[in-house]
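One file, protein.cif, carrying mmCIF, C-alpha atoms:
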```cif
data_work
#
loop_
_atom_site.group_PDB
_atom_site.id
_atom_site.type_symbol
_atom_site.label_atom_id
_atom_site.label_comp_id
_atom_site.auth_asym_id
_atom_site.auth_seq_id
_atom_site.Cartn_x
_atom_site.Cartn_y
_atom_site.Cartn_z
ATOM 1 C CA MET A 10 17.357 -0.806 19.562
ATOM 2 C CA THR A 11 19.598 -3.473 21.073
ATOM 3 C CA ALA A 12 19.325 -7.231 20.819
ATOM 4 C CA SER A 13 17.958 -7.422 24.383
ATOM 5 C CA ASP A 14 15.304 -4.765 23.525
ATOM 6 C CA SER A 15 14.053 -6.872 20.641
ATOM 7 C CA ARG A 16 13.670 -9.854 22.958
ATOM 8 C CA THR A 17 11.633 -7.877 25.517
ATOM 9 C CA LEU A 18 9.291 -6.169 22.996
ATOM 10 C CA GLY A 19 6.888 -9.110 23.233
ATOM 11 C CA THR A 20 6.262 -8.455 26.928
ATOM 12 C CA MET A 21 5.585 -4.685 26.560
ATOM 13 C CA SER A 22 2.111 -3.226 27.046
ATOM 14 C CA PHE A 23 0.187 -1.953 24.003
ATOM 15 C CA VAL A 24 0.868 1.704 24.903
ATOM 16 C CA ARG A 25 4.590 1.129 25.450
ATOM 17 C CA ARG A 26 4.806 -0.807 22.180
ATOM 18 C CA LEU A 27 3.115 2.072 20.363
ATOM 19 C CA ALA A 28 5.418 4.610 22.029
ATOM 20 C CA TYR A 29 8.428 2.471 21.096
ATOM 21 C CA TRP A 30 7.207 2.312 17.497
ATOM 22 C CA LEU A 31 7.019 6.111 17.362
ATOM 23 C CA GLU A 32 10.509 6.616 18.851
ATOM 24 C CA PRO A 33 12.490 8.327 16.052
ATOM 25 C CA ARG A 34 15.974 8.341 17.654
ATOM 26 C CA TRP A 35 18.740 5.851 16.816
ATOM 27 C CA ARG A 36 16.899 4.641 13.738
ATOM 28 C CA ASP A 37 18.573 3.668 10.473
ATOM 29 C CA PRO A 38 17.336 4.682 6.975
ATOM 30 C CA GLY A 39 15.621 1.308 6.552
ATOM 31 C CA TRP A 40 13.493 1.951 9.607
ATOM 32 C CA LEU A 41 12.635 5.471 8.451
ATOM 33 C CA ALA A 42 11.535 4.037 5.090
ATOM 34 C CA PHE A 43 9.474 1.427 6.936
ATOM 35 C CA ALA A 44 7.830 4.117 9.107
ATOM 36 C CA LEU A 45 7.103 6.320 6.072
ATOM 37 C CA ASN A 46 5.694 3.281 4.262
ATOM 38 C CA ARG A 47 3.353 2.621 7.187
ATOM 39 C CA LEU A 48 2.348 6.268 7.438
ATOM 40 C CA THR A 49 1.607 6.579 3.712
ATOM 41 C CA GLY A 50 -0.238 3.241 3.873
ATOM 42 C CA HIS A 51 -2.547 4.564 6.585
ATOM 43 C CA ILE A 52 -3.077 7.809 4.653
ATOM 44 C CA LEU A 53 -3.981 5.808 1.540
ATOM 45 C CA VAL A 54 -6.439 3.624 3.496
ATOM 46 C CA LEU A 55 -8.133 6.791 4.824
ATOM 47 C CA TYR A 56 -8.233 8.169 1.273
ATOM 48 C CA LEU A 57 -9.718 4.863 0.036
ATOM 49 C CA VAL A 58 -12.572 5.160 2.548
ATOM 50 C CA LEU A 59 -13.206 8.801 1.561
ATOM 51 C CA HIS A 60 -13.021 7.873 -2.131
ATOM 52 C CA MET A 61 -15.635 5.143 -1.630
ATOM 53 C CA VAL A 62 -17.956 7.593 0.138
ATOM 54 C CA VAL A 63 -17.475 10.179 -2.610
ATOM 55 C CA LEU A 64 -17.991 7.678 -5.435
ATOM 56 C CA SER A 65 -21.296 6.617 -3.888
ATOM 57 C CA GLN A 66 -22.554 10.045 -5.045
ATOM 58 C CA LEU A 67 -22.781 8.428 -8.489
ATOM 59 C CA LEU A 68 -25.983 6.850 -7.130
ATOM 60 C CA ASP A 69 -27.533 10.346 -7.028
ATOM 61 C CA GLY A 70 -27.235 10.542 -10.796
ATOM 62 C CA ALA A 71 -25.807 13.325 -12.947
ATOM 63 C CA GLU A 72 -26.892 16.118 -10.613
ATOM 64 C CA GLY A 73 -25.152 14.671 -7.541
ATOM 65 C CA TRP A 74 -21.984 13.802 -9.451
ATOM 66 C CA ASP A 75 -21.632 17.071 -11.316
ATOM 67 C CA ARG A 76 -22.102 18.959 -8.016
ATOM 68 C CA LEU A 77 -19.073 17.059 -6.682
ATOM 69 C CA LEU A 78 -16.950 17.954 -9.713
ATOM 70 C CA GLY A 79 -16.940 21.565 -8.514
ATOM 71 C CA LEU A 80 -15.563 20.421 -5.153
ATOM 72 C CA PHE A 81 -12.917 18.236 -6.833
ATOM 73 C CA GLY A 82 -11.719 21.223 -8.835
ATOM 74 C CA SER A 83 -11.280 23.478 -5.774
ATOM 75 C CA ARG A 84 -7.786 24.570 -4.739
ATOM 76 C CA PRO A 85 -7.591 22.665 -1.392
ATOM 77 C CA PHE A 86 -8.718 19.481 -3.119
ATOM 78 C CA LEU A 87 -6.085 19.865 -5.840
ATOM 79 C CA VAL A 88 -3.358 20.416 -3.212
ATOM 80 C CA GLY A 89 -4.592 17.247 -1.479
ATOM 81 C CA ASP A 90 -4.412 15.398 -4.832
ATOM 82 C CA THR A 91 -0.777 16.462 -5.234
ATOM 83 C CA LEU A 92 0.138 15.254 -1.718
ATOM 84 C CA LEU A 93 -1.760 12.055 -2.409
ATOM 85 C CA ILE A 94 0.403 11.442 -5.478
ATOM 86 C CA ALA A 95 3.512 11.850 -3.264
ATOM 87 C CA ALA A 96 2.138 9.208 -0.866
ATOM 88 C CA ILE A 97 1.217 6.817 -3.708
ATOM 89 C CA VAL A 98 4.605 7.135 -5.438
ATOM 90 C CA PHE A 99 6.575 6.646 -2.206
ATOM 91 C CA HIS A 100 4.444 3.695 -1.060
ATOM 92 C CA GLY A 101 4.599 2.029 -4.490
ATOM 93 C CA LEU A 102 8.328 2.457 -5.081
ATOM 94 C CA ASN A 103 9.283 1.543 -1.515
ATOM 95 C CA GLY A 104 7.027 -1.518 -1.796
ATOM 96 C CA LEU A 105 8.968 -2.589 -4.897
ATOM 97 C CA ARG A 106 12.239 -2.053 -2.983
ATOM 98 C CA VAL A 107 11.027 -4.216 -0.100
ATOM 99 C CA ALA A 108 9.814 -6.913 -2.517
ATOM 100 C CA ALA A 109 13.239 -6.878 -4.218
ATOM 101 C CA LEU A 110 14.898 -7.402 -0.806
ATOM 102 C CA THR A 111 13.060 -10.711 -0.488
ATOM 103 C CA PHE A 112 14.764 -11.881 -3.654
ATOM 104 C CA GLY A 113 18.169 -10.851 -2.284
ATOM 105 C CA MET A 114 18.378 -7.654 -4.335
ATOM 106 C CA GLY A 115 19.391 -4.288 -2.929
ATOM 107 C CA ALA A 116 20.184 -5.332 0.653
ATOM 108 C CA ARG A 117 23.653 -3.778 0.467
ATOM 109 C CA HIS A 118 22.391 -0.517 -1.056
ATOM 110 C CA THR A 119 19.456 0.225 1.239
ATOM 111 C CA THR A 120 20.321 3.887 1.885
ATOM 112 C CA LEU A 121 21.016 4.569 -1.785
ATOM 113 C CA LEU A 122 17.748 2.944 -2.874
ATOM 114 C CA ILE A 123 15.752 4.859 -0.253
ATOM 115 C CA LEU A 124 17.312 8.118 -1.445
ATOM 116 C CA LEU A 125 16.429 7.087 -5.011
ATOM 117 C CA VAL A 126 12.811 6.429 -3.966
ATOM 118 C CA LEU A 127 12.632 9.832 -2.243
ATOM 119 C CA GLY A 128 14.236 11.526 -5.263
ATOM 120 C CA VAL A 129 11.788 9.988 -7.752
ATOM 121 C CA MET A 130 8.912 10.840 -5.404
ATOM 122 C CA THR A 131 10.035 14.474 -5.277
ATOM 123 C CA ILE A 132 10.374 14.745 -9.052
ATOM 124 C CA VAL A 133 7.023 13.059 -9.775
ATOM 125 C CA THR A 134 5.255 15.147 -7.115
ATOM 126 C CA ALA A 135 6.776 18.360 -8.464
ATOM 127 C CA PHE A 136 5.654 17.446 -11.996
ATOM 128 C CA ALA A 137 2.192 16.427 -10.756
ATOM 129 C CA GLY A 138 1.910 19.656 -8.756
ATOM 130 C CA TRP A 139 2.855 21.662 -11.833
ATOM 131 C CA ALA A 140 0.315 19.748 -13.979
ATOM 132 C CA ILE A 141 -2.503 19.836 -11.408
ATOM 133 C CA LEU A 142 -2.066 23.275 -9.841
ATOM 134 C CA GLY A 143 -0.384 25.126 -12.700
ATOM 135 C CA MET B 4 32.866 -25.773 -0.808
ATOM 136 C CA THR B 5 35.462 -23.065 -0.181
ATOM 137 C CA GLY B 6 35.252 -19.283 -0.601
ATOM 138 C CA PRO B 7 32.095 -17.148 -0.769
ATOM 139 C CA GLN B 8 28.998 -19.106 -1.628
ATOM 140 C CA PRO B 9 26.607 -17.792 -4.305
ATOM 141 C CA ALA B 10 23.789 -15.543 -3.047
ATOM 142 C CA ARG B 11 20.515 -17.343 -2.398
ATOM 143 C CA ARG B 12 17.013 -16.041 -1.775
ATOM 144 C CA PHE B 13 16.795 -13.982 1.393
ATOM 145 C CA LEU B 14 14.175 -15.720 3.529
ATOM 146 C CA GLY B 15 14.251 -13.248 6.403
ATOM 147 C CA ARG B 16 16.611 -12.298 9.217
ATOM 148 C CA PRO B 17 17.953 -15.279 11.146
ATOM 149 C CA ASP B 18 16.453 -15.433 14.648
ATOM 150 C CA GLN B 19 19.707 -14.439 16.340
ATOM 151 C CA ALA B 20 20.564 -11.591 13.930
ATOM 152 C CA TYR B 21 21.385 -8.216 15.449
ATOM 153 C CA PRO B 22 19.250 -5.138 14.503
ATOM 154 C CA GLY B 23 20.435 -3.635 11.238
ATOM 155 C CA PHE B 24 21.716 -7.026 10.063
ATOM 156 C CA VAL B 25 22.740 -7.082 6.390
ATOM 157 C CA PRO B 26 23.321 -10.498 4.807
ATOM 158 C CA ASP B 27 26.793 -11.085 3.432
ATOM 159 C CA ASP B 28 27.841 -13.740 0.894
ATOM 160 C CA THR B 29 30.910 -14.554 2.999
ATOM 161 C CA MET B 30 28.713 -15.755 5.901
ATOM 162 C CA PRO B 31 27.642 -19.389 6.116
ATOM 163 C CA ALA B 32 24.202 -19.869 4.547
ATOM 164 C CA ASP B 33 22.487 -20.535 7.896
ATOM 165 C CA ALA B 34 23.904 -17.271 9.338
ATOM 166 C CA ARG B 35 22.715 -14.942 6.572
ATOM 167 C CA THR B 36 19.126 -16.077 6.088
ATOM 168 C CA ARG B 37 16.440 -18.200 7.700
ATOM 169 C CA PRO B 38 16.184 -21.830 6.633
ATOM 170 C CA ARG B 39 13.644 -22.484 3.884
ATOM 171 C CA PRO B 40 10.358 -23.526 5.563
ATOM 172 C CA ARG B 41 8.871 -26.910 4.657
ATOM 173 C CA SER B 42 5.474 -25.345 3.996
ATOM 174 C CA ARG B 43 4.184 -21.810 3.638
ATOM 175 C CA SER B 44 2.940 -20.226 6.863
ATOM 176 C CA ALA B 45 -0.137 -17.970 6.935
ATOM 177 C CA ALA B 46 2.188 -14.964 7.302
ATOM 178 C CA SER B 47 4.195 -15.852 4.195
ATOM 179 C CA ARG B 48 0.991 -16.438 2.209
ATOM 180 C CA LEU B 49 -0.245 -13.014 3.300
ATOM 181 C CA TRP B 50 3.099 -11.500 2.327
ATOM 182 C CA LEU B 51 2.798 -13.074 -1.127
ATOM 183 C CA ILE B 52 -0.765 -11.745 -1.481
ATOM 184 C CA GLN B 53 0.464 -8.302 -0.401
ATOM 185 C CA ALA B 54 3.264 -8.361 -2.977
ATOM 186 C CA LEU B 55 1.036 -9.639 -5.819
ATOM 187 C CA THR B 56 -1.767 -7.147 -5.149
ATOM 188 C CA GLY B 57 0.900 -4.433 -4.925
ATOM 189 C CA VAL B 58 2.099 -5.281 -8.438
ATOM 190 C CA PHE B 59 -1.517 -5.430 -9.716
ATOM 191 C CA LEU B 60 -2.152 -2.053 -8.081
ATOM 192 C CA ILE B 61 0.691 -0.400 -9.949
ATOM 193 C CA ALA B 62 -0.795 -1.631 -13.251
ATOM 194 C CA PHE B 63 -4.476 -0.952 -12.479
ATOM 195 C CA LEU B 64 -3.811 2.386 -10.796
ATOM 196 C CA GLY B 65 -1.763 3.465 -13.817
ATOM 197 C CA ILE B 66 -4.691 2.610 -16.126
ATOM 198 C CA HIS B 67 -7.146 4.367 -13.778
ATOM 199 C CA LEU B 68 -5.091 7.573 -13.546
ATOM 200 C CA VAL B 69 -4.568 7.771 -17.312
ATOM 201 C CA ALA B 70 -8.174 6.921 -18.233
ATOM 202 C CA GLN B 71 -9.997 8.892 -15.533
ATOM 203 C CA HIS B 72 -7.740 11.897 -15.065
ATOM 204 C CA PHE B 73 -5.058 12.372 -17.745
ATOM 205 C CA VAL B 74 -7.206 11.687 -20.838
ATOM 206 C CA ALA B 75 -10.423 13.272 -19.526
ATOM 207 C CA PRO B 76 -10.849 16.964 -20.375
ATOM 208 C CA GLY B 77 -10.117 19.053 -17.261
ATOM 209 C CA GLY B 78 -8.852 15.943 -15.449
ATOM 210 C CA LEU B 79 -12.322 14.701 -14.468
ATOM 211 C CA ARG B 80 -15.096 12.881 -16.324
ATOM 212 C CA ASP B 81 -18.685 14.086 -16.069
ATOM 213 C CA TYR B 82 -21.475 11.662 -15.145
ATOM 214 C CA GLU B 83 -22.289 10.479 -18.674
ATOM 215 C CA ALA B 84 -18.600 9.935 -19.423
ATOM 216 C CA VAL B 85 -18.123 7.887 -16.229
ATOM 217 C CA VAL B 86 -21.121 5.673 -17.076
ATOM 218 C CA ALA B 87 -19.986 5.257 -20.707
ATOM 219 C CA TYR B 88 -16.469 4.337 -19.506
ATOM 220 C CA LEU B 89 -17.744 1.740 -17.017
ATOM 221 C CA ARG B 90 -19.909 0.138 -19.731
ATOM 222 C CA GLU B 91 -16.737 -0.758 -21.690
ATOM 223 C CA PRO B 92 -15.911 -4.387 -20.683
ATOM 224 C CA LEU B 93 -12.117 -3.882 -20.547
ATOM 225 C CA ALA B 94 -12.442 -0.635 -18.606
ATOM 226 C CA LEU B 95 -14.827 -2.315 -16.182
ATOM 227 C CA ALA B 96 -12.386 -5.225 -15.714
ATOM 228 C CA ALA B 97 -9.560 -2.758 -14.990
ATOM 229 C CA GLU B 98 -11.668 -0.792 -12.491
ATOM 230 C CA LEU B 99 -12.870 -3.946 -10.717
ATOM 231 C CA GLY B 100 -9.283 -5.251 -10.688
ATOM 232 C CA LEU B 101 -8.202 -1.978 -9.071
ATOM 233 C CA LEU B 102 -11.059 -2.157 -6.590
ATOM 234 C CA PHE B 103 -10.350 -5.702 -5.377
ATOM 235 C CA SER B 104 -6.555 -5.273 -5.440
ATOM 236 C CA VAL B 105 -6.713 -2.108 -3.357
ATOM 237 C CA ILE B 106 -9.146 -3.583 -0.821
ATOM 238 C CA VAL B 107 -7.097 -6.781 -0.353
ATOM 239 C CA HIS B 108 -3.808 -4.834 -0.228
ATOM 240 C CA ALA B 109 -5.236 -2.399 2.335
ATOM 241 C CA CYS B 110 -6.681 -5.203 4.507
ATOM 242 C CA VAL B 111 -3.408 -7.175 4.577
ATOM 243 C CA GLY B 112 -1.484 -3.932 5.241
ATOM 244 C CA MET B 113 -3.772 -2.990 8.137
ATOM 245 C CA ARG B 114 -3.305 -6.455 9.608
ATOM 246 C CA SER B 115 0.475 -6.069 9.341
ATOM 247 C CA ALA B 116 0.264 -2.791 11.259
ATOM 248 C CA ILE B 117 -1.853 -4.454 13.961
ATOM 249 C CA VAL B 118 0.586 -7.384 14.240
ATOM 250 C CA ASP B 119 3.247 -4.832 15.295
ATOM 251 C CA VAL B 120 1.287 -3.691 18.340
ATOM 252 C CA VAL B 121 -0.906 -6.676 19.273
ATOM 253 C CA SER B 122 0.878 -9.823 20.405
ATOM 254 C CA ASP B 123 -2.097 -11.715 21.876
ATOM 255 C CA ALA B 124 -3.184 -14.455 19.427
ATOM 256 C CA THR B 125 -6.909 -14.200 20.252
ATOM 257 C CA ARG B 126 -6.997 -10.424 19.812
ATOM 258 C CA LEU B 127 -5.034 -10.743 16.593
ATOM 259 C CA ARG B 128 -7.539 -13.302 15.290
ATOM 260 C CA MET B 129 -10.424 -10.998 16.240
ATOM 261 C CA ALA B 130 -8.739 -8.100 14.466
ATOM 262 C CA SER B 131 -8.191 -10.263 11.370
ATOM 263 C CA VAL B 132 -11.869 -11.273 11.328
ATOM 264 C CA ALA B 133 -12.944 -7.626 11.753
ATOM 265 C CA ILE B 134 -10.650 -6.455 8.920
ATOM 266 C CA THR B 135 -11.833 -9.262 6.621
ATOM 267 C CA THR B 136 -15.481 -8.436 7.384
ATOM 268 C CA VAL B 137 -15.032 -4.706 6.736
ATOM 269 C CA GLY B 138 -13.049 -5.427 3.545
ATOM 270 C CA THR B 139 -15.759 -7.787 2.273
ATOM 271 C CA LEU B 140 -18.545 -5.287 3.054
ATOM 272 C CA VAL B 141 -16.651 -2.484 1.283
ATOM 273 C CA ALA B 142 -16.082 -4.728 -1.767
ATOM 274 C CA VAL B 143 -19.771 -5.740 -1.917
ATOM 275 C CA TYR B 144 -20.903 -2.116 -1.497
ATOM 276 C CA ALA B 145 -18.521 -0.853 -4.217
ATOM 277 C CA LEU B 146 -19.644 -3.643 -6.539
ATOM 278 C CA TRP B 147 -23.285 -2.740 -5.904
ATOM 279 C CA VAL B 148 -22.605 0.956 -6.675
ATOM 280 C CA THR B 149 -20.792 -0.018 -9.882
ATOM 281 C CA VAL B 150 -23.562 -2.361 -11.055
ATOM 282 C CA SER B 151 -26.250 0.227 -10.207
ATOM 283 C CA VAL B 152 -24.470 2.928 -12.185
ATOM 284 C CA ILE B 153 -23.897 0.677 -15.192
ATOM 285 C CA ALA B 154 -27.502 -0.573 -15.134
ATOM 286 C CA GLY B 155 -28.767 3.012 -14.974
ATOM 287 C CA ASN B 156 -30.568 2.471 -11.650
ATOM 288 C CA THR B 157 -29.873 6.062 -10.667
ATOM 289 C CA PRO B 158 -31.877 9.313 -10.981
ATOM 290 C CA PRO B 159 -31.553 10.935 -14.432
#
```
Show me this structure written as structure tokens.
Amino acid sequence: MTASDSRTLGTMSFVRRLAYWLEPRWRDPGWLAFALNRLTGHILVLYLVLHMVVLSQLLDGAEGWDRLLGLFGSRPFLVGDTLLIAAIVFHGLNGLRVAALTFGMGARHTTLLILLVLGVMTIVTAFAGWAILG
Amino acid sequence: MTGPQPARRFLGRPDQAYPGFVPDDTMPADARTRPRPRSRSAASRLWLIQALTGVFLIAFLGIHLVAQHFVAPGGLRDYEAVVAYLREPLALAAELGLLFSVIVHACVGMRSAIVDVVSDATRLRMASVAITTVGTLVAVYALWVTVSVIAGNTPP
């Protein structure tokens, strides 16, 4: 993105803006972290909606809830749980990194911090996968 | 004052900054960050809310994961155990804290995503109203489910 591009973004149509947002070329690590943060944020919002729907089964009493426990314990659900943990850890740690930037911390070590976030996410997800699926 | 000036709070990229701009202590203060605003704008208030609820989420989500999944046998509580847990005042406070933090954080985050693709002020206001309405309805519904379960207003 050039300086002139950033000035013309405001005049782009919705579709072109969306297409521009999804353009992966010529991006720096900070942008990739931003895009991943957005993506994981949307995934977590979708999960929140599903979680609310599922938790409403508590209104059906013990029978409704205990029927769901079987579904929660199924293999596809457990794999989804593991991926969800990856999204939560990345979103949380990257959020802390972005918050630290506001206080002038970490601006010169963006790439290193993003790699650190991805590294911790990988380790935590691997451990969670081992604990959940093992 | 000569030489590099001490680092100050980063208040955002200056308007004329090039993409990929990284503030540097050797730059003049007005070249490395925006000037401090006289009063908080709606956007900066929302950012603060996003940051605060994010910190609350880390704490409440940690409590939720430990209590509901790590401590519970098999990683999941059965119905009686869920009801007994929610009847503990501290546990209920933690769960409600998680609920409201996650809803507010999600609503502000969704608005941020919309701001990136919608530039029209009227449409943005409509989107904000829609997000606030949905967030409020979800919070009320979740609160109603929680109260019903605690009160035992469910089939045996």
* Asked: Residues picked by the PyMOL selection byres ((chain A) within 6 of (chain B)) here, as a PyMOL selection string?
  -> chain A and resi 12+26+68-71+111-113
Take the residues from that selection and write them out as a CSV table (one decimal), in the coordinates of the input, keeping C-alpha atoms.
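Just written: out-v4.csv:
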```
chain,number,residue,atom,x,y,z
A,12,ALA,CA,19.3,-7.2,20.8
A,26,ARG,CA,4.8,-0.8,22.2
A,68,LEU,CA,-26.0,6.8,-7.1
A,69,ASP,CA,-27.5,10.3,-7.0
A,70,GLY,CA,-27.2,10.5,-10.8
A,71,ALA,CA,-25.8,13.3,-12.9
A,111,THR,CA,13.1,-10.7,-0.5
A,112,PHE,CA,14.8,-11.9,-3.7
A,113,GLY,CA,18.2,-10.9,-2.3
```
* Identify which of the residues B:Thr136, B:Arg114, B:Ala94, B:Met129 lies closest to A:Arg47, counting only C-alpha atoms when measuring atom-to-atom distances. =>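 Result for the nearest residue to A:Arg47: B:Arg114.
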* **Near-A:Val129 list (12 Å; only C-alpha atoms; drop same-chain fewer than 2 positions) as an MDAnalysis selection string** => chainID A and resid 94:103 122:127 131:137
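Comparing the minimum interatomic distances between B:Ala154 and each of B:Ile134, B:Leu127, B:Ile117, B:Leu89, counting only C-alpha atoms, we find that B:Leu89 sits nearest.
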* Asked: Hey, can you check how far atom CA of A:Leu59 sits from atom CA of B:Val150?
  ->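 One can read the atom CA of A:Leu59 to atom CA of B:Val150 distance as 19.8 Å.
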* To do: Using the chain letters and numbering of this document, enumerate as a list of chain:residue names the residues selected by the PyMOL selection byres ((chain A and resi 86-88) around 12).
  =>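 This file gives the following for the PyMOL selection byres ((chain A and resi 86-88) around 12): A:Leu77, A:Leu78, A:Gly79, A:Leu80, A:Phe81, A:Gly82, A:Ser83, A:Arg84, A:Pro85, A:Gly89, A:Asp90, A:Thr91, A:Leu92, A:Leu93, A:Ile94, A:Ala95, A:Thr134, A:Ala135, A:Ala137, A:Gly138, A:Trp139, A:Ala140, A:Ile141, A:Leu142, A:Gly143, B:Gly78, B:Leu79.
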* Expressed in Å to a single decimal, how great is the separation between atom CA of A:Tyr29 and atom CA of B:Ala130? -> 21.2 Å
* To do: Could you jot down the atom CA of B:Val118 to atom CA of B:Thr56 separation for me, Å, one decimal place?
  =>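 Separation between atom CA of B:Val118 and atom CA of B:Thr56: 19.5 Å.
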Build an axis-aligned box that encloses every atom of stretch 31-39 of chain A listed in the file, pad it by 5 Å on each side, and report its centre and edge lengths in Å to one decimal, as JSON.
```
{"center_x": 12.9, "center_y": 4.8, "center_z": 12.7, "size_x": 21.7, "size_y": 17.0, "size_z": 22.3}
```
